[in-house]
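File shown: coords_4.tsv (TSV, C-alpha atoms).
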chain	number	residue	atom	x	y	z
A	132	MET	CA	-1.90	129.58	185.38
A	133	GLU	CA	-0.22	130.22	182.09
A	134	GLU	CA	0.92	127.39	179.86
A	135	LYS	CA	4.53	127.45	178.72
A	136	GLU	CA	5.27	127.07	175.10
A	137	ASP	CA	7.30	124.02	174.17
A	138	ASP	CA	10.24	125.30	172.09
A	139	THR	CA	11.59	121.79	171.45
A	140	LYS	CA	12.10	121.14	167.72
A	141	ILE	CA	12.19	117.71	166.17
A	142	SER	CA	14.71	117.39	163.35
A	143	ILE	CA	13.91	114.85	160.68
A	144	ALA	CA	16.94	113.37	158.90
A	145	ASP	CA	17.04	113.51	155.17
A	146	PRO	CA	17.83	109.92	154.01
A	147	ILE	CA	18.83	111.06	150.54
A	148	GLN	CA	21.39	113.55	151.86
A	149	ASP	CA	22.82	111.01	154.35
A	150	HIS	CA	23.18	108.45	151.60
A	151	GLN	CA	25.04	110.94	149.40
A	152	GLU	CA	27.41	111.86	152.25
A	153	THR	CA	28.06	108.20	153.05
A	154	THR	CA	28.69	107.38	149.42
A	155	PHE	CA	31.05	110.32	149.07
A	156	SER	CA	32.93	109.30	152.22
A	157	PHE	CA	33.24	105.67	151.03
A	158	ASP	CA	34.45	106.67	147.56
A	159	PHE	CA	36.98	109.07	149.00
A	160	ARG	CA	38.29	106.46	151.45
A	161	THR	CA	38.57	103.81	148.72
A	162	GLU	CA	40.41	106.15	146.39
A	163	PHE	CA	42.70	107.20	149.24
A	164	LEU	CA	43.54	103.59	150.08
A	165	GLN	CA	44.28	102.81	146.45
A	166	ASP	CA	46.63	105.76	146.20
A	167	GLU	CA	48.21	104.84	149.55
A	168	ASN	CA	48.89	101.28	148.36
A	169	LYS	CA	50.80	102.49	145.31
A	170	SER	CA	54.54	102.76	145.69
A	171	PRO	CA	57.59	103.71	143.61
A	172	PHE	CA	58.66	100.82	141.39
A	173	PHE	CA	62.16	100.31	142.77
A	174	LYS	CA	60.94	100.42	146.38
A	175	PRO	CA	60.10	96.80	147.32
A	176	ARG	CA	56.92	96.18	149.30
A	177	SER	CA	58.54	93.27	151.12
A	178	ARG	CA	60.51	94.07	154.28
A	179	MET	CA	63.20	91.46	153.80
A	180	ARG	CA	66.50	92.30	155.44
A	181	ARG	CA	69.52	93.01	153.26
A	182	ARG	CA	71.27	89.77	154.30
A	183	ASP	CA	68.25	87.79	153.09
A	184	THR	CA	69.00	88.62	149.44
A	185	CYS	CA	71.55	85.82	149.37
A	186	VAL	CA	71.07	84.54	145.81
A	187	ILE	CA	72.20	87.69	144.01
A	188	PHE	CA	75.16	88.16	146.34
A	189	ALA	CA	76.13	84.51	145.83
A	190	PHE	CA	76.26	85.05	142.07
A	191	VAL	CA	78.27	88.24	142.57
A	192	ILE	CA	80.84	86.36	144.66
A	193	ILE	CA	81.09	83.61	142.02
A	194	HIS	CA	81.72	86.22	139.31
A	195	LEU	CA	84.37	87.89	141.46
A	196	VAL	CA	86.21	84.61	142.09
A	197	VAL	CA	86.15	83.66	138.40
A	198	PHE	CA	87.43	87.10	137.37
A	199	LEU	CA	90.32	86.93	139.84
A	200	ILE	CA	91.24	83.45	138.62
A	201	THR	CA	91.10	84.68	135.02
A	202	MET	CA	93.49	87.55	135.73
A	203	ALA	CA	95.83	85.24	137.64
A	204	VAL	CA	95.92	82.83	134.69
A	205	ASN	CA	96.51	85.75	132.32
A	206	ASP	CA	99.66	86.83	134.24
A	207	CYS	CA	100.34	89.78	131.95
A	208	GLY	CA	103.72	90.56	133.48
A	209	TYR	CA	105.12	87.17	132.46
A	210	ASN	CA	103.21	86.30	129.28
A	211	SER	CA	103.39	89.82	127.80
A	212	HIS	CA	106.91	90.57	129.10
A	213	GLY	CA	105.80	93.61	131.09
A	214	ASP	CA	103.75	95.27	128.33
A	215	CYS	CA	100.82	95.77	130.70
A	216	ALA	CA	98.52	98.40	132.17
A	217	PHE	CA	98.83	99.05	135.93
A	218	LYS	CA	102.07	97.11	136.28
A	219	ALA	CA	102.02	97.68	140.05
A	220	LEU	CA	99.34	94.98	140.28
A	221	GLY	CA	101.93	92.41	139.29
A	222	ARG	CA	100.38	89.13	138.21
A	223	MET	CA	96.91	90.75	138.22
A	224	SER	CA	97.86	93.59	135.85
A	225	PHE	CA	95.83	94.11	132.67
A	226	GLN	CA	96.54	93.91	128.98
A	227	PRO	CA	97.02	97.35	127.34
A	228	LEU	CA	93.93	99.29	126.28
A	229	LEU	CA	94.90	98.90	122.62
A	230	GLU	CA	94.61	95.13	123.06
A	231	ASN	CA	91.64	94.99	125.44
A	232	PRO	CA	89.53	98.18	125.70
A	233	PHE	CA	87.94	96.86	128.93
A	234	LEU	CA	91.30	96.52	130.76
A	235	GLY	CA	91.25	92.76	131.06
A	236	PRO	CA	92.92	89.54	129.95
A	237	SER	CA	94.20	88.60	126.52
A	238	ALA	CA	92.12	86.79	123.91
A	239	SER	CA	94.07	83.57	124.44
A	240	THR	CA	93.35	83.69	128.18
A	241	LEU	CA	89.63	84.14	127.52
A	242	ASP	CA	89.79	81.14	125.16
A	243	LYS	CA	91.53	79.14	127.87
A	244	MET	CA	88.95	80.07	130.52
A	245	GLY	CA	85.91	79.17	128.42
A	246	ALA	CA	84.97	82.00	126.06
A	247	ILE	CA	82.87	81.00	123.05
A	248	ARG	CA	84.52	80.98	119.65
A	249	LYS	CA	83.20	79.47	116.41
A	250	THR	CA	86.17	77.20	115.74
A	251	LEU	CA	86.19	75.91	119.32
A	252	LEU	CA	82.47	75.10	119.31
A	253	ALA	CA	83.03	73.21	116.07
A	254	GLU	CA	85.30	70.93	118.09
A	255	HIS	CA	82.29	70.09	120.36
A	256	GLN	CA	83.68	71.90	123.42
A	257	THR	CA	80.21	72.24	124.93
A	258	TRP	CA	81.60	72.94	128.42
A	259	ARG	CA	82.12	76.50	127.21
A	260	LEU	CA	78.33	77.02	127.25
A	261	PHE	CA	78.46	76.78	131.05
A	262	MET	CA	81.65	78.77	131.67
A	263	CYS	CA	80.99	81.63	129.25
A	264	PRO	CA	78.21	83.25	131.40
A	265	LEU	CA	80.75	83.62	134.23
A	266	LEU	CA	83.45	85.44	132.24
A	267	HIS	CA	83.97	89.19	131.91
A	268	ALA	CA	85.92	90.99	129.19
A	269	GLY	CA	87.75	93.21	131.67
A	270	VAL	CA	87.54	95.22	134.85
A	271	PHE	CA	85.30	97.91	133.29
A	272	HIS	CA	82.88	95.26	132.08
A	273	PHE	CA	83.04	93.52	135.46
A	274	MET	CA	82.23	96.62	137.51
A	275	ILE	CA	79.45	97.95	135.28
A	276	ASN	CA	77.79	94.56	134.88
A	277	LEU	CA	77.80	93.61	138.55
A	278	LEU	CA	76.67	97.03	139.76
A	279	CYS	CA	73.66	96.79	137.45
A	280	ILE	CA	72.97	93.20	138.55
A	281	ILE	CA	73.05	94.23	142.21
A	282	PHE	CA	70.72	97.19	141.57
A	283	ILE	CA	68.14	95.19	139.59
A	284	GLY	CA	68.60	91.79	141.25
A	285	ILE	CA	68.21	92.89	144.86
A	286	TYR	CA	64.94	94.63	144.03
A	287	LEU	CA	63.56	91.51	142.32
A	288	GLU	CA	64.73	89.22	145.11
A	289	LYS	CA	63.11	91.37	147.79
A	290	GLU	CA	59.89	91.77	145.82
A	291	PHE	CA	59.39	88.28	144.42
A	292	GLY	CA	61.68	85.99	146.38
A	293	SER	CA	65.07	84.36	146.05
A	294	ILE	CA	63.99	81.15	144.30
A	295	ARG	CA	62.11	82.89	141.47
A	296	THR	CA	64.89	85.41	140.95
A	297	GLY	CA	67.56	82.69	140.95
A	298	ILE	CA	65.67	80.58	138.41
A	299	ILE	CA	65.27	83.54	136.06
A	300	TYR	CA	68.93	84.50	136.51
A	301	MET	CA	70.25	81.06	135.55
A	302	LEU	CA	67.80	80.11	132.80
A	303	SER	CA	67.96	83.46	131.03
A	304	ALA	CA	71.77	83.54	131.23
A	305	PHE	CA	72.05	80.06	129.71
A	306	SER	CA	69.48	80.87	127.03
A	307	GLY	CA	71.49	83.93	126.04
A	308	THR	CA	74.62	81.79	125.78
A	309	LEU	CA	72.80	79.47	123.37
A	310	VAL	CA	71.91	82.48	121.20
A	311	THR	CA	75.58	83.49	121.16
A	312	ALA	CA	76.57	79.98	120.10
A	313	ILE	CA	74.49	80.16	116.91
A	314	PHE	CA	75.74	83.63	115.94
A	315	VAL	CA	79.32	83.69	117.22
A	316	ARG	CA	82.21	84.65	114.95
A	317	ASP	CA	85.76	83.34	115.08
A	318	SER	CA	86.77	85.58	117.96
A	319	PRO	CA	86.33	85.05	121.72
A	320	ALA	CA	83.02	86.19	123.21
A	321	VAL	CA	81.98	86.33	126.88
A	322	CYS	CA	78.33	86.22	127.94
A	323	SER	CA	78.20	87.46	131.54
A	324	SER	CA	75.92	90.36	130.55
A	325	GLY	CA	73.24	87.84	129.66
A	326	ALA	CA	72.21	87.43	133.30
A	327	LEU	CA	71.79	91.21	133.67
A	328	PHE	CA	69.56	91.38	130.60
A	329	GLY	CA	67.54	88.42	131.86
A	330	LEU	CA	66.85	90.36	135.06
A	331	LEU	CA	66.02	93.46	133.02
A	332	GLY	CA	63.51	91.50	130.93
A	333	ALA	CA	61.92	90.07	134.06
A	334	THR	CA	61.72	93.55	135.58
A	335	VAL	CA	59.94	94.89	132.49
A	336	SER	CA	57.42	92.05	132.70
A	337	ALA	CA	56.81	92.77	136.40
A	338	LEU	CA	56.30	96.45	135.68
A	339	THR	CA	53.94	96.01	132.74
A	340	ARG	CA	51.72	93.34	134.27
A	341	ASN	CA	51.41	95.28	137.58
A	342	TRP	CA	51.26	98.72	136.01
A	343	LYS	CA	48.52	100.06	138.31
A	344	PHE	CA	50.45	99.35	141.51
A	345	TYR	CA	53.27	101.83	140.88
A	346	THR	CA	53.58	105.60	140.80
A	347	ASN	CA	56.81	106.32	138.89
A	348	LYS	CA	56.25	103.98	135.97
A	349	ILE	CA	57.70	106.17	133.21
A	350	ALA	CA	60.81	106.97	135.23
A	351	ALA	CA	61.29	103.26	135.94
A	352	LEU	CA	60.99	102.37	132.25
A	353	LEU	CA	63.46	105.08	131.27
A	354	THR	CA	65.91	103.75	133.87
A	355	LEU	CA	65.62	100.21	132.50
A	356	PHE	CA	66.01	101.41	128.89
A	357	PHE	CA	69.08	103.45	129.84
A	358	VAL	CA	70.75	100.47	131.56
A	359	ALA	CA	69.96	98.21	128.60
A	360	GLY	CA	71.04	100.75	125.98
A	361	PHE	CA	74.30	101.58	127.73
A	362	ASN	CA	75.28	97.91	128.03
A	363	LEU	CA	74.32	97.23	124.41
A	364	MET	CA	76.63	100.05	123.35
A	365	LEU	CA	79.46	98.42	125.32
A	366	GLY	CA	78.60	95.16	123.57
A	367	LEU	CA	79.81	96.63	120.28
A	368	LEU	CA	83.39	96.47	121.59
A	369	PRO	CA	85.56	93.35	121.28
A	370	TYR	CA	84.99	90.30	123.52
A	371	MET	CA	81.68	91.51	124.99
A	372	ASP	CA	78.68	89.90	123.30
A	373	ASN	CA	75.30	91.42	122.36
A	374	TYR	CA	73.66	88.23	121.09
A	375	SER	CA	73.51	86.77	124.58
A	376	SER	CA	72.10	90.06	125.90
A	377	ILE	CA	69.23	90.09	123.41
A	378	GLY	CA	68.47	86.40	123.89
A	379	SER	CA	68.52	86.73	127.67
A	380	LEU	CA	66.31	89.83	127.56
A	381	ILE	CA	63.57	87.92	125.70
A	382	SER	CA	63.96	84.86	127.92
A	383	GLY	CA	63.85	86.93	131.10
A	384	PHE	CA	60.70	88.72	129.97
A	385	LEU	CA	58.89	85.42	129.27
A	386	LEU	CA	60.08	83.86	132.54
A	387	GLY	CA	58.96	86.94	134.46
A	388	LEU	CA	55.45	86.54	133.07
A	389	VAL	CA	55.50	82.89	134.19
A	390	LEU	CA	57.01	83.19	137.68
A	391	PHE	CA	56.19	86.64	139.01
A	392	TYR	CA	52.88	87.36	140.73
A	393	THR	CA	51.02	90.55	141.58
A	394	PRO	CA	52.56	92.31	144.62
A	395	GLN	CA	50.24	92.18	147.64
A	396	LEU	CA	49.00	95.20	149.55
A	397	ARG	CA	49.18	93.91	153.10
A	398	GLN	CA	51.56	91.78	155.11
A	399	VAL	CA	51.30	89.48	158.12
A	400	ALA	CA	53.59	88.35	160.92
A	401	GLN	CA	57.23	87.50	160.50
A	402	ASN	CA	58.05	84.04	159.29
A	403	LYS	CA	60.54	82.12	157.19
A	404	ILE	CA	58.78	81.50	153.88
A	405	GLY	CA	61.47	80.00	151.71
A	406	LEU	CA	65.12	79.91	150.75
A	407	CYS	CA	66.79	83.00	152.26
A	408	GLU	CA	63.36	84.67	152.65
A	409	TYR	CA	63.16	85.88	156.23
A	410	GLY	CA	61.15	88.84	157.38
A	411	VAL	CA	57.48	89.61	156.72
A	412	LYS	CA	55.46	86.95	154.99
A	413	SER	CA	53.22	88.12	152.15
A	414	SER	CA	49.52	87.41	152.49
A	415	PHE	CA	48.94	86.07	149.00
A	416	ASN	CA	46.97	82.86	148.58
A	417	TRP	CA	47.03	80.16	145.91
A	418	LYS	CA	44.42	81.96	143.84
A	419	GLN	CA	46.61	85.05	143.73
A	420	LYS	CA	49.69	82.94	143.03
A	421	LEU	CA	48.05	81.41	139.98
A	422	ASP	CA	46.50	84.56	138.59
A	423	ARG	CA	46.36	85.05	134.82
A	424	PRO	CA	46.76	81.36	133.95
A	425	VAL	CA	46.39	81.94	130.20
A	426	LEU	CA	49.20	84.50	130.13
A	427	ARG	CA	51.42	82.27	132.26
A	428	SER	CA	50.77	79.19	130.13
A	429	ALA	CA	51.37	81.00	126.85
A	430	SER	CA	54.63	82.51	128.14
A	431	LEU	CA	55.83	79.14	129.42
A	432	ILE	CA	55.11	77.49	126.06
A	433	LEU	CA	56.93	80.25	124.16
A	434	PHE	CA	59.97	80.05	126.43
A	435	SER	CA	60.07	76.25	126.20
A	436	LEU	CA	59.93	76.35	122.39
A	437	LEU	CA	62.65	79.02	122.29
A	438	PHE	CA	64.91	77.13	124.70
A	439	VAL	CA	64.53	73.74	123.01
A	440	GLY	CA	64.97	75.25	119.54
A	441	LEU	CA	68.18	77.02	120.54
A	442	LEU	CA	69.56	73.90	122.22
A	443	VAL	CA	68.89	71.74	119.17
A	444	ALA	CA	70.45	74.34	116.86
A	445	VAL	CA	73.62	74.46	118.98
A	446	LEU	CA	73.92	70.67	119.15
A	447	LEU	CA	73.52	70.48	115.37
A	448	GLY	CA	76.27	73.06	114.89
A	449	ILE	CA	74.07	75.62	113.12
A	450	ASN	CA	75.63	79.07	112.72
A	451	ILE	CA	73.21	81.74	111.51
A	452	SER	CA	76.02	84.21	110.79
A	453	HIS	CA	76.74	82.21	107.63
A	454	TYR	CA	73.32	83.20	106.27
A	455	CYS	CA	72.88	86.65	107.82
A	456	ARG	CA	75.76	88.91	106.77
A	457	TRP	CA	74.43	92.06	108.42
A	458	CYS	CA	73.84	90.36	111.80
A	459	ARG	CA	77.52	90.89	112.70
A	460	TYR	CA	76.83	94.62	113.17
A	461	ILE	CA	74.50	93.86	116.07
A	462	ASP	CA	77.57	92.75	117.98
A	463	CYS	CA	80.37	94.78	116.42
A	464	ILE	CA	81.09	98.24	115.08
A	465	PRO	CA	83.86	98.46	112.45
A	466	TYR	CA	87.01	100.21	113.66
A	467	LYS	CA	90.60	100.41	112.50
A	468	ARG	CA	91.85	98.36	115.47
A	469	TRP	CA	89.52	95.40	114.95
A	470	SER	CA	87.37	93.85	112.26
A	471	CYS	CA	83.76	92.64	112.22
A	472	ASN	CA	84.61	89.96	109.66
A	473	ASP	CA	86.10	86.54	110.28
A	474	LEU	CA	89.76	86.97	109.37
A	475	THR	CA	92.28	84.16	109.37
A	476	SER	CA	95.34	85.82	110.90
A	477	SER	CA	98.58	84.35	109.68
A	478	CYS	CA	102.00	85.79	110.40
A	479	GLU	CA	105.54	85.06	109.35
A	480	THR	CA	107.84	84.74	112.34
A	481	MET	CA	111.49	85.79	112.27
A	482	GLY	CA	113.57	85.57	115.42
A	483	SER	CA	117.03	86.43	116.60
A	484	ASP	CA	118.74	86.14	119.95
A	485	LYS	CA	116.96	89.16	121.40
A	486	GLU	CA	114.14	90.15	119.01
A	487	LEU	CA	111.06	88.63	117.45
A	488	THR	CA	109.55	90.00	114.23
A	489	LEU	CA	105.97	89.19	113.24
A	490	THR	CA	104.79	90.04	109.72
A	491	CYS	CA	101.13	89.72	108.78
A	492	MET	CA	100.70	87.71	105.59
A	493	GLY	CA	97.43	89.47	104.79
A	494	ASN	CA	98.35	93.17	104.85
A	495	GLY	CA	102.12	93.20	105.17
A	496	ASN	CA	102.17	94.97	108.54
A	497	PHE	CA	104.96	93.93	110.88
A	498	LYS	CA	106.18	94.63	114.38
A	499	VAL	CA	109.41	93.93	116.20
A	500	PHE	CA	109.24	92.73	119.82
A	501	PRO	CA	112.20	92.85	122.23
A	502	PHE	CA	111.81	89.21	123.36
A	503	THR	CA	111.77	85.74	121.87
A	504	ASN	CA	110.46	83.35	124.52
A	505	ILE	CA	106.71	83.53	123.86
A	506	SER	CA	103.98	80.92	123.78
A	507	GLN	CA	102.18	79.92	120.59
A	508	GLU	CA	98.85	81.24	121.95
A	509	ARG	CA	100.38	84.61	122.77
A	510	THR	CA	102.01	84.75	119.34
A	511	GLN	CA	98.56	84.30	117.78
A	512	ASP	CA	97.22	87.16	119.94
A	513	LEU	CA	99.92	89.50	118.66
A	514	CYS	CA	99.44	88.32	115.09
A	515	THR	CA	95.71	89.11	115.29
A	516	LEU	CA	96.51	92.65	116.51
A	517	ILE	CA	98.97	93.23	113.67
A	518	CYS	CA	96.56	91.92	111.01
A	519	SER	CA	93.54	93.88	112.29

Would you mind writing the structure in this file as structure tokens?
Amino acid sequence: MEEKEDDTKISIADPIQDHQETTFSFDFRTEFLQDENKSPFFKPRSRMRRRDTCVIFAFVIIHLVVFLITMAVNDCGYNSHGDCAFKALGRMSFQPLLENPFLGPSASTLDKMGAIRKTLLAEHQTWRLFMCPLLHAGVFHFMINLLCIIFIGIYLEKEFGSIRTGIIYMLSAFSGTLVTAIFVRDSPAVCSSGALFGLLGATVSALTRNWKFYTNKIAALLTLFFVAGFNLMLGLLPYMDNYSSIGSLISGFLLGLVLFYTPQLRQVAQNKIGLCEYGVKSSFNWKQKLDRPVLRSASLILFSLLFVGLLVAVLLGINISHYCRWCRYIDCIPYKRWSCNDLTSSCETMGSDKELTLTCMGNGNFKVFPFTNISQERTQDLCTLICS
């Protein structure tokens, strides 16, 4: 009987090769997960619903109400005797572009509503420090500023929460107003752009400290620089202020380093986690909340010193523009229709039954107006235009 050959072969695994394959698979999976966890910068990781971003929209509504009240108080049709832009708007019509390049109220109305002016601060009207961040120079300023605030603010509120975003919004805006108060000239200045620049500074801090979590970092930086640069260019026009923008930008950057944390890569079940924060709760713990304590502490100390120093300077009535002559060009560009210097406008008034003639005592320019019943504040507005 013949024996059958056993063709069965025993394969012996190569441990070295298996280890290399396993290592390669693990490295590839880790790298894939890291790439998968990265996201575009302006795409929030949080899944908060749109109605949960209540803080930014609350500020937008406040700005809208204040602007409407300002235009109603201005009442161009009555106070300017019909010399208005968009007369069909009636009481809400705007001053002419030659008077206000942003299509907004007159200088005297801005003074009445709380704009910052050197002579008024010298009279200890500190309430203006709280009203000035709510005022806009005109409808162009209003639309551009609030559109940028909505774009930047909603992202920050979704990514880092309503409370943190609201704190940065208010503190940076007020800090910028304090900077304006120590540089302001004797012309009305509004500081509503300060809040936008505070949010921009906080956004830059969030981007730089979490650089590895985002994919379109350069594009995001260019977007932020464009928004900041465009608004700074607008700040060279009358009434809009650049000092508050620069001060708020620095304050917002420092506050962002203090309050913002590293975005988390996974999320857990839905829950309410704070003011207006419904949706998916982030899975960060206290250790992640308090990451980089040295950086946070140093930023908090710097912001506190800056804030206290500015507040003391304002209360003491310090005005740096007296010592820094070139600083005025940060906030103003010389033009034939306005001046970057503090000019005391004085006019000689001559009236008849139907006409009013104003003659500037400084340059001899004069203008005849077909009306006589005009307030003293409005007369000063017209005198400033003639003397510019």

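In this structure, CA of Val425 (chain A) sits 24.8 Å away from CA of Lys348 (chain A).
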
Return as AutoDock Vina command-line options the centre and edge lengths, in Å with one decimal, of the box along x, y and z that encloses every atom of region 369-377 of chain A in the file, padded by 3 Å per side.
--center_x 77.4 --center_y 90.1 --center_z 123.5 --size_x 22.3 --size_y 12.6 --size_z 10.8

_What's around region 303-309 of chain A at 9 Å? Count all atoms listed in the file, leave out sequence neighbours fewer than 6 positions away in its own chain, and write the answer as a PyMOL selection string._
chain A and resi 247+260-261+263-264+321-330+374-383+386+437-438+441-442+444-445

Selected residues written out, C-alpha atoms, as a PDB file, keeping the file's coordinate frame:
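Saved file out16.pdb follows:
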ATOM      1  CA  ILE A 247      82.870  81.000 123.050  1.00  0.00           C
ATOM      2  CA  LEU A 260      78.330  77.020 127.250  1.00  0.00           C
ATOM      3  CA  PHE A 261      78.460  76.780 131.050  1.00  0.00           C
ATOM      4  CA  CYS A 263      80.990  81.630 129.250  1.00  0.00           C
ATOM      5  CA  PRO A 264      78.210  83.250 131.400  1.00  0.00           C
ATOM      6  CA  VAL A 321      81.980  86.330 126.880  1.00  0.00           C
ATOM      7  CA  CYS A 322      78.330  86.220 127.940  1.00  0.00           C
ATOM      8  CA  SER A 323      78.200  87.460 131.540  1.00  0.00           C
ATOM      9  CA  SER A 324      75.920  90.360 130.550  1.00  0.00           C
ATOM     10  CA  GLY A 325      73.240  87.840 129.660  1.00  0.00           C
ATOM     11  CA  ALA A 326      72.210  87.430 133.300  1.00  0.00           C
ATOM     12  CA  LEU A 327      71.790  91.210 133.670  1.00  0.00           C
ATOM     13  CA  PHE A 328      69.560  91.380 130.600  1.00  0.00           C
ATOM     14  CA  GLY A 329      67.540  88.420 131.860  1.00  0.00           C
ATOM     15  CA  LEU A 330      66.850  90.360 135.060  1.00  0.00           C
ATOM     16  CA  TYR A 374      73.660  88.230 121.090  1.00  0.00           C
ATOM     17  CA  SER A 375      73.510  86.770 124.580  1.00  0.00           C
ATOM     18  CA  SER A 376      72.100  90.060 125.900  1.00  0.00           C
ATOM     19  CA  ILE A 377      69.230  90.090 123.410  1.00  0.00           C
ATOM     20  CA  GLY A 378      68.470  86.400 123.890  1.00  0.00           C
ATOM     21  CA  SER A 379      68.520  86.730 127.670  1.00  0.00           C
ATOM     22  CA  LEU A 380      66.310  89.830 127.560  1.00  0.00           C
ATOM     23  CA  ILE A 381      63.570  87.920 125.700  1.00  0.00           C
ATOM     24  CA  SER A 382      63.960  84.860 127.920  1.00  0.00           C
ATOM     25  CA  GLY A 383      63.850  86.930 131.100  1.00  0.00           C
ATOM     26  CA  LEU A 386      60.080  83.860 132.540  1.00  0.00           C
ATOM     27  CA  LEU A 437      62.650  79.020 122.290  1.00  0.00           C
ATOM     28  CA  PHE A 438      64.910  77.130 124.700  1.00  0.00           C
ATOM     29  CA  LEU A 441      68.180  77.020 120.540  1.00  0.00           C
ATOM     30  CA  LEU A 442      69.560  73.900 122.220  1.00  0.00           C
ATOM     31  CA  ALA A 444      70.450  74.340 116.860  1.00  0.00           C
ATOM     32  CA  VAL A 445      73.620  74.460 118.980  1.00  0.00           C
TER      33      VAL A 445
END

Test item: residues at most 12 Å from Leu447 (chain A), only C-alpha atoms, excluding those fewer than 5 positions along its chain, as a PDB file with C-alpha atoms, in the frame of the given file:
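Result file selection.pdb:
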ATOM      1  CA  LEU A 252      82.470  75.100 119.310  1.00  0.00           C
ATOM      2  CA  ALA A 253      83.030  73.210 116.070  1.00  0.00           C
ATOM      3  CA  HIS A 255      82.290  70.090 120.360  1.00  0.00           C
ATOM      4  CA  THR A 257      80.210  72.240 124.930  1.00  0.00           C
ATOM      5  CA  ALA A 312      76.570  79.980 120.100  1.00  0.00           C
ATOM      6  CA  ILE A 313      74.490  80.160 116.910  1.00  0.00           C
ATOM      7  CA  GLY A 440      64.970  75.250 119.540  1.00  0.00           C
ATOM      8  CA  LEU A 441      68.180  77.020 120.540  1.00  0.00           C
ATOM      9  CA  LEU A 442      69.560  73.900 122.220  1.00  0.00           C
TER      10      LEU A 442
END

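Restricting the calculation to all atoms listed in the file, the smallest distance between Ser336 (chain A) and any of A:Leu388, A:Val270, A:Leu436, A:Cys518 is found for A:Leu388.
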
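Of the listed residues A:Trp258, A:Tyr370, A:Trp457, A:Trp469, the one whose atoms come nearest to Pro236 (chain A) is A:Tyr370, with distances taken using all atoms listed in the file.
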
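For the pair CA of Glu508 (chain A) and CA of His453 (chain A), the interatomic distance is 26.4 Å.
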
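Closest to Phe291 (chain A) among A:Tyr454, A:Tyr466, A:Tyr392, A:Phe497 is A:Tyr392, based on all atoms listed in the file.
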
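With CA of Ser519 (chain A) on one side and CA of Lys467 (chain A) on the other, the separation reads 7.2 Å.
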
*Tell me, as a PyMOL selection string, which residues lie within 7 Å of Leu489 (chain A), counting all atoms listed in the file; anything in the same chain fewer than 4 positions away does not count.*
chain A and resi 478-481+497-499+514

*asked:* Distance cut-off 6 Å, centre (80.3, 79.9, 112.8) in file coordinates, counting all atoms listed in the file: which residues qualify? Return them as a PyMOL selection string.
replied: chain A and resi 249+315-316+450

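Nearest to Val191 (chain A) of all the residues A:Leu277, A:Gln226, A:Met492, A:Lys485 is A:Leu277, counting all atoms listed in the file.
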
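With all atoms listed in the file taken into account, the protein and nucleic acid residues at most 10 Å from Leu338 (chain A) (excluding it and anything under 2 positions from it in its own chain) are Phe172, Phe173, Gly332, Ala333, Thr334, Val335, Ser336, Arg340, Asn341, Trp342, Lys343, Phe344, Tyr345, Lys348, Ala351, Leu352, Gly387 and Thr393 of chain A.
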
*Which of these residues is nearest to Ile451 (chain A), using only C-alpha atoms: A:Thr339, A:Asn472, A:Thr311, A:Thr240?*
A:Thr311

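Nearest to Val186 (chain A) of all the residues A:Phe225, A:Tyr300, A:Phe271, A:Phe233 is A:Tyr300, based on all atoms listed in the file.
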
So which residues touch Arg468 (chain A) within 12 Å, counting all atoms listed in the file, skipping near sequence neighbours fewer than 5 positions away, as a PDB file with C-alpha atoms, in the frame of the given file?
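Produced file around24.pdb, reproduced below:
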ATOM      1  CA  LEU A 228      93.930  99.290 126.280  1.00  0.00           C
ATOM      2  CA  LEU A 229      94.900  98.900 122.620  1.00  0.00           C
ATOM      3  CA  GLU A 230      94.610  95.130 123.060  1.00  0.00           C
ATOM      4  CA  ASN A 231      91.640  94.990 125.440  1.00  0.00           C
ATOM      5  CA  PRO A 232      89.530  98.180 125.700  1.00  0.00           C
ATOM      6  CA  LEU A 368      83.390  96.470 121.590  1.00  0.00           C
ATOM      7  CA  PRO A 369      85.560  93.350 121.280  1.00  0.00           C
ATOM      8  CA  THR A 515      95.710  89.110 115.290  1.00  0.00           C
ATOM      9  CA  LEU A 516      96.510  92.650 116.510  1.00  0.00           C
ATOM     10  CA  ILE A 517      98.970  93.230 113.670  1.00  0.00           C
ATOM     11  CA  CYS A 518      96.560  91.920 111.010  1.00  0.00           C
ATOM     12  CA  SER A 519      93.540  93.880 112.290  1.00  0.00           C
TER      13      SER A 519
END
